[in-house]
file final_38.txt (compact mmCIF, C-alpha atoms)
# COMPACT_ATOMS: atom_id res chain seq x y z
CA MET R 1 100.73 70.72 87.84
CA ILE R 2 97.09 70.49 86.67
CA PRO R 3 95.43 73.95 86.75
CA THR R 4 92.57 74.24 89.24
CA THR R 5 90.68 76.78 87.13
CA PRO R 6 89.97 76.77 83.39
CA SER R 7 92.11 78.95 81.19
CA PHE R 8 90.32 81.42 78.93
CA PHE R 9 93.49 82.33 77.06
CA THR R 10 93.31 81.25 73.40
CA PRO R 11 96.64 81.16 71.54
CA PHE R 12 96.67 82.22 67.90
CA ASN R 13 96.48 79.31 65.49
CA THR R 14 98.62 81.17 62.96
CA LYS R 15 102.13 82.47 63.40
CA VAL R 16 102.35 85.94 64.94
CA SER R 17 105.39 87.93 66.01
CA LEU R 18 106.05 90.26 68.93
CA GLU R 19 107.08 92.75 66.26
CA ASP R 20 103.38 92.97 65.37
CA VAL R 21 102.48 94.33 68.81
CA PRO R 22 101.28 97.96 68.62
CA ARG R 23 102.85 100.62 70.80
CA TYR R 24 99.50 101.97 71.98
CA PHE R 25 96.46 100.13 73.26
CA THR R 26 93.23 100.49 71.31
CA ASN R 27 91.07 103.48 72.18
CA PRO R 28 87.82 101.61 72.98
CA PHE R 29 85.66 104.51 71.78
CA ASP R 30 87.39 105.46 68.53
CA TYR R 31 89.52 102.95 66.66
CA THR R 32 90.45 101.19 63.47
CA PRO R 33 90.81 97.47 64.35
CA HIS R 34 94.44 96.40 64.62
CA PRO R 35 95.47 93.38 62.47
CA LEU R 36 95.97 91.27 65.62
CA SER R 37 92.46 92.17 66.79
CA LEU R 38 91.07 91.23 63.38
CA LEU R 39 92.87 87.90 63.57
CA ALA R 40 91.39 87.19 66.99
CA ALA R 41 87.91 88.31 65.92
CA LYS R 42 88.02 86.06 62.85
CA ASP R 43 89.01 83.09 65.00
CA LEU R 44 86.17 83.72 67.45
CA GLN R 45 83.65 84.20 64.65
CA GLU R 46 84.65 80.87 63.16
CA TYR R 47 84.05 79.29 66.57
CA LEU R 48 80.62 80.94 66.85
CA THR R 49 79.69 79.56 63.44
CA ILE R 50 80.49 75.92 64.23
CA GLN R 51 80.28 75.56 68.03
CA THR R 52 77.88 73.11 69.69
CA ASP R 53 78.66 73.94 73.33
CA TRP R 54 75.45 75.93 73.83
CA VAL R 55 72.35 77.04 71.91
CA HIS R 56 71.44 80.69 71.35
CA ASN R 57 69.15 82.07 68.66
CA PHE R 58 71.10 84.80 66.88
CA GLY R 59 68.56 84.81 64.06
CA LEU R 60 71.08 83.35 61.63
CA VAL R 61 69.50 79.88 61.35
CA ASP R 62 66.01 79.42 59.89
CA ASN R 63 63.23 78.14 62.17
CA GLN R 64 65.37 78.11 65.32
CA GLU R 65 63.38 78.15 68.56
CA GLY R 66 63.40 81.08 70.95
CA PRO R 67 63.44 84.85 70.48
CA VAL R 68 66.08 86.33 68.18
CA ILE R 69 68.76 88.02 70.29
CA GLY R 70 71.86 89.37 68.60
CA LYS R 71 74.86 89.83 70.87
CA MET R 72 77.94 92.03 71.17
CA PHE R 73 81.20 90.08 71.48
CA GLY R 74 84.67 91.33 72.25
CA VAL R 75 88.21 90.03 71.88
CA LEU R 76 91.22 91.29 73.78
CA VAL R 77 94.66 90.45 72.42
CA VAL R 78 96.99 89.83 75.35
CA LEU R 79 100.60 88.94 76.04
CA THR R 80 101.36 86.32 78.69
CA GLN R 81 104.25 86.49 81.14
CA GLU R 82 105.95 83.93 78.89
CA ASN R 83 105.65 86.40 75.95
CA GLU R 84 103.02 84.34 74.14
CA LEU R 85 100.41 86.22 72.14
CA GLY R 86 96.80 85.14 72.15
CA TYR R 87 93.39 86.52 73.01
CA LEU R 88 90.52 86.51 75.47
CA ALA R 89 86.87 86.52 74.44
CA ALA R 90 83.75 87.89 76.12
CA PHE R 91 80.11 88.65 75.42
CA SER R 92 77.97 91.48 76.71
CA GLY R 93 75.19 90.61 79.13
CA LYS R 94 74.11 86.97 79.12
CA LEU R 95 74.53 84.31 76.44
CA ALA R 96 72.17 81.33 76.04
CA GLY R 97 70.56 82.36 79.33
CA GLY R 98 73.80 82.12 81.29
CA ASN R 99 76.93 83.99 82.36
CA GLN R 100 79.44 81.15 82.34
CA HIS R 101 80.55 79.42 79.12
CA SER R 102 83.76 77.78 78.00
CA ARG R 103 85.93 79.96 75.79
CA PHE R 104 84.59 83.16 77.38
CA VAL R 105 85.92 84.98 80.43
CA PRO R 106 83.58 85.00 83.45
CA PRO R 107 81.52 88.03 84.49
CA VAL R 108 82.84 90.48 87.05
CA TYR R 109 79.87 89.50 89.20
CA ASP R 110 77.57 86.54 88.50
CA SER R 111 74.02 87.16 89.71
CA LEU R 112 72.89 83.76 88.42
CA VAL R 113 74.81 81.73 91.00
CA GLU R 114 72.42 79.49 92.93
CA GLY R 115 71.42 81.02 96.24
CA ASP R 116 72.41 84.55 95.24
CA PHE R 117 70.40 87.36 96.82
CA VAL R 118 69.22 88.62 93.42
CA ASN R 119 66.93 85.63 92.89
CA GLU R 120 65.26 86.12 96.27
CA GLY R 121 64.89 89.83 95.61
CA MET R 122 63.27 89.22 92.24
CA GLN R 123 60.85 86.73 93.81
CA GLN R 124 59.79 89.40 96.29
CA LEU R 125 59.13 91.83 93.43
CA THR R 126 57.10 89.17 91.63
CA GLN R 127 54.99 88.62 94.73
CA ILE R 128 54.29 92.36 95.05
CA ASN R 129 53.26 92.47 91.39
CA ARG R 130 50.85 89.59 91.96
CA GLU R 131 49.28 91.34 94.92
CA ILE R 132 48.85 94.53 92.88
CA ALA R 133 47.25 92.58 90.01
CA MET R 134 44.79 90.88 92.37
CA LEU R 135 43.77 94.18 93.97
CA GLU R 136 43.33 95.83 90.57
CA GLU R 137 40.64 93.27 89.69
CA ILE R 138 38.32 94.83 92.28
CA ALA R 139 38.22 98.61 92.02
CA THR R 140 37.49 99.86 95.53
CA GLU R 141 38.82 102.89 97.33
CA GLU R 142 40.38 100.62 99.94
CA ASN R 143 42.12 98.60 97.24
CA LYS R 144 43.34 101.76 95.53
CA ALA R 145 45.06 102.80 98.74
CA LYS R 146 46.62 99.36 99.14
CA ILE R 147 47.82 99.43 95.53
CA ALA R 148 49.46 102.81 96.06
CA THR R 149 51.25 101.48 99.14
CA LEU R 150 52.40 98.36 97.31
CA MET R 151 53.66 100.41 94.38
CA ARG R 152 55.78 102.53 96.74
CA GLN R 153 57.11 99.35 98.35
CA ARG R 154 57.90 97.93 94.93
CA LYS R 155 59.83 101.03 93.91
CA GLU R 156 61.79 101.15 97.17
CA HIS R 157 62.55 97.42 97.02
CA SER R 158 63.63 97.62 93.38
CA MET R 159 65.98 100.56 94.04
CA ALA R 160 67.49 98.86 97.11
CA LEU R 161 68.02 95.63 95.17
CA GLN R 162 69.68 97.49 92.29
CA ASP R 163 72.00 99.33 94.69
CA LYS R 164 72.95 96.04 96.33
CA ILE R 165 73.75 94.57 92.90
CA TYR R 166 75.92 97.57 92.00
CA ALA R 167 77.82 97.12 95.25
CA GLN R 168 79.02 93.68 94.11
CA TYR R 169 81.02 95.08 91.17
CA HIS R 170 84.67 96.00 91.76
CA PHE R 171 87.10 96.73 88.92
CA LEU R 172 90.86 96.44 88.68
CA ASN R 173 93.36 98.43 86.68
CA GLN R 174 96.93 97.64 85.61
CA ALA R 175 98.34 98.86 88.93
CA GLY R 176 96.08 96.49 90.87
CA GLU R 177 93.93 99.33 92.18
CA VAL R 178 90.35 98.27 92.93
CA LYS R 179 87.40 100.62 92.65
CA SER R 180 83.72 99.88 93.12
CA LEU R 181 81.18 100.52 90.38
CA ILE R 182 79.34 102.95 92.65
CA ASP R 183 82.50 104.96 93.38
CA ILE R 184 83.49 104.96 89.70
CA PHE R 185 80.23 106.58 88.60
CA LYS R 186 80.12 108.92 91.58
CA SER R 187 83.58 110.29 90.82
CA TYR R 188 82.86 110.43 87.07
CA LEU R 189 79.73 112.56 86.91
CA ASN R 190 78.37 112.22 90.45
CA THR R 191 75.69 109.85 89.20
CA LYS R 192 74.48 106.35 89.91
CA PRO R 193 75.60 103.55 87.58
CA SER R 194 73.69 103.06 84.35
CA SER R 195 71.56 99.92 84.15
CA GLY R 196 73.69 97.00 82.99
CA ALA R 197 76.98 98.77 83.72
CA GLY R 198 79.79 96.27 84.17
CA GLU R 199 78.14 93.63 81.99
CA CYS R 200 79.69 94.73 78.69
CA ALA R 201 82.47 92.78 77.01
CA ALA R 202 85.31 95.29 77.44
CA PRO R 203 85.28 95.50 81.28
CA LYS R 204 84.99 91.70 81.51
CA LEU R 205 88.02 91.25 79.27
CA LEU R 206 90.25 93.75 81.07
CA GLN R 207 89.21 92.44 84.50
CA TYR R 208 90.26 88.90 83.62
CA ALA R 209 93.50 90.10 82.05
CA PHE R 210 94.51 92.08 85.15
CA GLN R 211 93.51 89.23 87.47
CA ASN R 212 95.75 86.83 85.57
CA GLN R 213 98.78 89.01 84.82
CA LEU R 214 98.04 89.23 81.10
CA LYS R 215 99.11 92.40 79.31
CA PRO R 216 96.39 94.04 77.16
CA ILE R 217 97.63 94.65 73.61
CA ALA R 218 94.59 95.48 71.44
CA MET R 219 90.87 94.91 71.37
CA VAL R 220 87.80 95.00 69.15
CA GLU R 221 84.08 94.43 69.60
CA PHE R 222 81.66 93.10 67.00
CA TRP R 223 77.93 92.41 66.71
CA TRP R 224 76.85 88.85 65.99
CA GLY R 225 73.36 88.03 64.77
CA LEU R 226 70.27 89.98 63.85
CA SER R 227 68.82 92.89 65.77
CA PRO R 228 65.02 92.96 65.44
CA LYS R 229 64.71 96.09 67.57
CA SER R 230 67.29 98.32 65.90
CA ASP R 231 68.94 98.89 62.53
CA THR R 232 72.07 100.12 64.30
CA TRP R 233 73.64 96.73 64.81
CA LYS R 234 74.81 94.86 61.72
CA HIS R 235 75.92 91.24 61.78
CA GLY R 236 79.72 90.93 61.85
CA ALA R 237 80.34 94.69 62.00
CA PHE R 238 82.80 96.27 64.45
CA TYR R 239 81.69 98.83 67.02
CA PRO R 240 83.20 101.05 69.73
CA ALA R 241 82.47 100.47 73.39
CA CYS R 242 79.32 102.17 74.68
CA LYS R 243 80.08 105.46 76.40
CA GLU R 244 77.07 105.55 78.73
CA LYS R 245 77.99 102.32 80.56
CA CYS R 246 81.67 101.83 79.78
CA ALA R 247 83.33 105.26 79.69
CA PRO R 248 83.45 105.67 83.49
CA ILE R 249 84.56 102.07 84.07
CA LEU R 250 87.21 101.97 81.35
CA GLY R 251 88.50 105.36 82.46
CA HIS R 252 89.53 103.66 85.70
CA MET R 253 90.62 100.34 84.20
CA LEU R 254 92.90 101.87 81.56
CA GLN R 255 94.78 104.18 83.91
CA GLY R 256 98.53 103.87 83.34
CA ILE R 257 98.13 102.31 79.88
CA LEU R 258 99.22 104.17 76.75
CA VAL R 259 96.07 104.48 74.66
CA GLU R 260 95.74 105.53 71.01
CA ARG R 261 94.78 109.12 70.38
CA THR R 262 91.31 109.64 68.93
CA SER R 263 90.80 110.90 65.38
CA SER R 264 89.55 114.20 66.84
CA GLN R 265 92.67 114.80 68.90
call {"tool": "encode", "arguments": {"input": "final_38.txt", "output": "structure tokens"}}
result
Amino acid sequence: MIPTTPSFFTPFNTKVSLEDVPRYFTNPFDYTPHPLSLLAAKDLQEYLTIQTDWVHNFGLVDNQEGPVIGKMFGVLVVLTQENELGYLAAFSGKLAGGNQHSRFVPPVYDSLVEGDFVNEGMQQLTQINREIAMLEEIATEENKAKIATLMRQRKEHSMALQDKIYAQYHFLNQAGEVKSLIDIFKSYLNTKPSSGAGECAAPKLLQYAFQNQLKPIAMVEFWWGLSPKSDTWKHGAFYPACKEKCAPILGHMLQGILVERTSSQ
């Protein structure tokens, strides 16, 4: 039977054994990369070096057009129901201006789909900004009052749009339990979600694994490209998941999975 959806499972191109599978899953916030994760990361990095499927300026090629935007990537080693080892790949945020690319798992929620409410909402914000800019050109008391009203409308509209976006995110765990992004953050620290929550690589990877009956084995995240805004991110280096955005989400998604103890435990 021909599959109706693309597969984002990548088998290892070198021989691996089930004996290599670790007993505990990687602690996303404190880990030494497992050999299987390193193998998957190396394979993905080789793909990033030679691929021609899309164009993104990582700052690694001289005189490439567009702003330099380094990117965090993640690989999740998984075991299929047929006991085959391989990995899934994901990127944080958007890549080459899009959410959907071959080789990478899809986002939990894709706001770039044509006709999505986000585009209309952003157009409304743009229109309000234009009206404010026009009124600011003529400094009258009447215009000042109109500007203040428009700024309140802009804030209210922006907050409502953000809440509506958050409401689209729902995350699975191994038991098949679904929890919304809003409920996850509310039960974590009784706060609203952080901006960009749910767009990081780790939640994308686990979501796809649980949706497709793939068992998570190990994971690692690495930075690819230059980072003109920060010295924190180094090309090719491995990093833990971000706690601000991912700790609440992964706390739910990893329930029931044996996770490595941290070095401080």
call {"tool": "residues_around", "arguments": {"input": "final_38.txt", "residues": "Ser37 of chain R", "least_positions_apart": "2", "cutoff": "6 Å", "atoms": "only C-alpha atoms", "output": "list in words"}}
result
His34, Pro35, Leu39, Ala40, Met219 and Val220 of chain R
call {"tool": "atom_distance", "arguments": {"input": "final_38.txt", "atom1": "atom CA of Lys186 of chain R", "atom2": "atom CA of Cys242 of chain R"}}
result
18.2 Å
call {"tool": "residues_around", "arguments": {"input": "final_38.txt", "residues": "Gly98 of chain R", "least_positions_apart": "2", "cutoff": "10 Å", "atoms": "all atoms listed in the file", "output": "list in words"}}
result
Trp54, Gly93, Lys94, Leu95, Ala96, Gln100, His101, Asp110, Ser111, Leu112 and Val113 of chain R
call {"tool": "residues_around", "arguments": {"input": "final_38.txt", "residues": "Ala90 of chain R", "least_positions_apart": "4", "cutoff": "6 Å", "atoms": "only C-alpha atoms", "output": "MDAnalysis selection string"}}
result
chainID R and resid 73:74 104:105 201
call {"tool": "residues_around", "arguments": {"input": "final_38.txt", "residues": "Ile184 of chain R", "least_positions_apart": "4", "cutoff": "12 Å", "atoms": "all atoms listed in the file", "output": "list in words"}}
result
Tyr166, Ala167, Tyr169, His170, Phe171, Leu172, Val178, Lys179, Ser180, Tyr188, Leu189, Asn190, Thr191, Lys192, Pro193, Ser194, Ala197, Gly198, Lys245, Cys246, Ala247, Pro248, Ile249, Leu250, Gly251, His252 and Met253 of chain R
call {"tool": "atom_distance", "arguments": {"input": "final_38.txt", "atom1": "atom CA of Asp62 of chain R", "atom2": "atom CA of Glu199 of chain R"}}
result
28.9 Å
call {"tool": "atom_distance", "arguments": {"input": "final_38.txt", "atom1": "atom CA of Arg130 of chain R", "atom2": "atom CA of Met151 of chain R"}}
result
11.4 Å
call {"tool": "residues_near_point", "arguments": {"input": "final_38.txt", "point": "(52.4, 91.0, 96.2)", "cutoff": "12 Å", "atoms": "only C-alpha atoms", "output": "list in words"}}
result
Met122, Gln123, Gln124, Leu125, Thr126, Gln127, Ile128, Asn129, Arg130, Glu131, Ile132, Ala133, Met134, Leu135, Glu136, Lys146, Ile147, Thr149, Leu150, Met151, Gln153 and Arg154 of chain R
call {"tool": "write_last_selection", "arguments": {"input": "final_38.txt", "atoms": "C-alpha atoms", "output": "mmCIF file, in the frame of the given file"}}
result
data_model
loop_
_atom_site.group_PDB
_atom_site.id
_atom_site.type_symbol
_atom_site.label_atom_id
_atom_site.label_comp_id
_atom_site.auth_asym_id
_atom_site.auth_seq_id
_atom_site.Cartn_x
_atom_site.Cartn_y
_atom_site.Cartn_z
ATOM 1 C CA MET R 122 63.270 89.220 92.240
ATOM 2 C CA GLN R 123 60.850 86.730 93.810
ATOM 3 C CA GLN R 124 59.790 89.400 96.290
ATOM 4 C CA LEU R 125 59.130 91.830 93.430
ATOM 5 C CA THR R 126 57.100 89.170 91.630
ATOM 6 C CA GLN R 127 54.990 88.620 94.730
ATOM 7 C CA ILE R 128 54.290 92.360 95.050
ATOM 8 C CA ASN R 129 53.260 92.470 91.390
ATOM 9 C CA ARG R 130 50.850 89.590 91.960
ATOM 10 C CA GLU R 131 49.280 91.340 94.920
ATOM 11 C CA ILE R 132 48.850 94.530 92.880
ATOM 12 C CA ALA R 133 47.250 92.580 90.010
ATOM 13 C CA MET R 134 44.790 90.880 92.370
ATOM 14 C CA LEU R 135 43.770 94.180 93.970
ATOM 15 C CA GLU R 136 43.330 95.830 90.570
ATOM 16 C CA LYS R 146 46.620 99.360 99.140
ATOM 17 C CA ILE R 147 47.820 99.430 95.530
ATOM 18 C CA THR R 149 51.250 101.480 99.140
ATOM 19 C CA LEU R 150 52.400 98.360 97.310
ATOM 20 C CA MET R 151 53.660 100.410 94.380
ATOM 21 C CA GLN R 153 57.110 99.350 98.350
ATOM 22 C CA ARG R 154 57.900 97.930 94.930
#
call {"tool": "residues_around", "arguments": {"input": "final_38.txt", "residues": "Ala209 of chain R", "least_positions_apart": "3", "cutoff": "10 Å", "atoms": "all atoms listed in the file", "output": "CSV table (one decimal) with C-alpha atoms, in the frame of the given file"}}
result
chain,number,residue,atom,x,y,z
R,8,PHE,CA,90.3,81.4,78.9
R,9,PHE,CA,93.5,82.3,77.1
R,76,LEU,CA,91.2,91.3,73.8
R,77,VAL,CA,94.7,90.4,72.4
R,78,VAL,CA,97.0,89.8,75.4
R,79,LEU,CA,100.6,88.9,76.0
R,80,THR,CA,101.4,86.3,78.7
R,87,TYR,CA,93.4,86.5,73.0
R,88,LEU,CA,90.5,86.5,75.5
R,105,VAL,CA,85.9,85.0,80.4
R,172,LEU,CA,90.9,96.4,88.7
R,173,ASN,CA,93.4,98.4,86.7
R,174,GLN,CA,96.9,97.6,85.6
R,203,PRO,CA,85.3,95.5,81.3
R,204,LYS,CA,85.0,91.7,81.5
R,205,LEU,CA,88.0,91.2,79.3
R,206,LEU,CA,90.2,93.8,81.1
R,212,ASN,CA,95.8,86.8,85.6
R,213,GLN,CA,98.8,89.0,84.8
R,214,LEU,CA,98.0,89.2,81.1
R,215,LYS,CA,99.1,92.4,79.3
R,216,PRO,CA,96.4,94.0,77.2
call {"tool": "closest_residue", "arguments": {"input": "final_38.txt", "among": "R:Gly86, R:Phe29, R:Lys164, R:Arg103", "to": "Phe117 of chain R", "atoms": "only C-alpha atoms"}}
result
R:Lys164
call {"tool": "axis_aligned_box", "arguments": {"input": "final_38.txt", "around": "segment 22-33 of chain R", "padding_each_side": "8 Å", "output": "lines of an AutoDock Vina configuration file"}}
result
center_x = 94.3
center_y = 101.5
center_z = 68.4
size_x = 33.2
size_y = 24.0
size_z = 25.8
call {"tool": "closest_residue", "arguments": {"input": "final_38.txt", "among": "R:Pro11, R:Pro228, R:Gly70, R:Pro28", "to": "Glu84 of chain R", "atoms": "all atoms listed in the file"}}
result
R:Pro11
call {"tool": "closest_residue", "arguments": {"input": "final_38.txt", "among": "R:Gly236, R:Ile182, R:Gln81, R:Gly196", "to": "Trp224 of chain R", "atoms": "all atoms listed in the file"}}
result
R:Gly236
call {"tool": "decode", "arguments": {"input": "final_38.txt", "residues": "segment 32-78 of chain R", "atoms": "C-alpha atoms", "output": "mmCIF file, in the first residue's frame"}}
result
data_model
loop_
_atom_site.group_PDB
_atom_site.id
_atom_site.type_symbol
_atom_site.label_atom_id
_atom_site.label_comp_id
_atom_site.auth_asym_id
_atom_site.auth_seq_id
_atom_site.Cartn_x
_atom_site.Cartn_y
_atom_site.Cartn_z
ATOM 1 C CA THR R 32 25.750 14.112 27.665
ATOM 2 C CA PRO R 33 24.751 13.134 24.097
ATOM 3 C CA HIS R 34 24.247 9.394 23.702
ATOM 4 C CA PRO R 35 26.251 7.713 20.881
ATOM 5 C CA LEU R 36 23.023 7.030 18.954
ATOM 6 C CA SER R 37 22.077 10.714 19.221
ATOM 7 C CA LEU R 38 25.525 11.707 17.987
ATOM 8 C CA LEU R 39 25.149 9.349 15.045
ATOM 9 C CA ALA R 40 21.790 10.879 14.138
ATOM 10 C CA ALA R 41 23.087 14.433 14.586
ATOM 11 C CA LYS R 42 26.081 13.736 12.343
ATOM 12 C CA ASP R 43 23.798 12.359 9.640
ATOM 13 C CA LEU R 44 21.527 15.403 9.787
ATOM 14 C CA GLN R 45 24.477 17.802 9.755
ATOM 15 C CA GLU R 46 25.814 16.126 6.635
ATOM 16 C CA TYR R 47 22.398 16.643 5.032
ATOM 17 C CA LEU R 48 22.359 20.319 6.041
ATOM 18 C CA THR R 49 25.773 20.779 4.451
ATOM 19 C CA ILE R 50 24.835 19.392 1.033
ATOM 20 C CA GLN R 51 21.045 19.757 0.707
ATOM 21 C CA THR R 52 19.460 21.777 -2.109
ATOM 22 C CA ASP R 53 15.803 21.379 -1.082
ATOM 23 C CA TRP R 54 15.535 24.912 0.301
ATOM 24 C CA VAL R 55 17.655 28.041 0.792
ATOM 25 C CA HIS R 56 18.377 29.555 4.204
ATOM 26 C CA ASN R 57 21.225 31.896 5.098
ATOM 27 C CA PHE R 58 22.970 30.366 8.108
ATOM 28 C CA GLY R 59 25.927 32.694 7.606
ATOM 29 C CA LEU R 60 28.168 29.805 6.585
ATOM 30 C CA VAL R 61 28.439 30.722 2.886
ATOM 31 C CA ASP R 62 30.074 33.975 1.773
ATOM 32 C CA ASN R 63 27.925 36.609 0.048
ATOM 33 C CA GLN R 64 24.652 34.692 0.467
ATOM 34 C CA GLU R 65 21.536 36.848 0.202
ATOM 35 C CA GLY R 66 19.231 37.500 3.127
ATOM 36 C CA PRO R 67 19.800 38.111 6.829
ATOM 37 C CA VAL R 68 21.991 35.647 8.722
ATOM 38 C CA ILE R 69 19.784 33.449 10.909
ATOM 39 C CA GLY R 70 21.337 30.541 12.774
ATOM 40 C CA LYS R 71 18.923 27.819 13.803
ATOM 41 C CA MET R 72 18.511 25.203 16.529
ATOM 42 C CA PHE R 73 17.961 21.674 15.212
ATOM 43 C CA GLY R 74 17.038 18.534 17.079
ATOM 44 C CA VAL R 75 17.170 14.809 16.434
ATOM 45 C CA LEU R 76 15.139 12.186 18.255
ATOM 46 C CA VAL R 77 16.289 8.579 18.035
ATOM 47 C CA VAL R 78 13.214 6.352 17.891
#
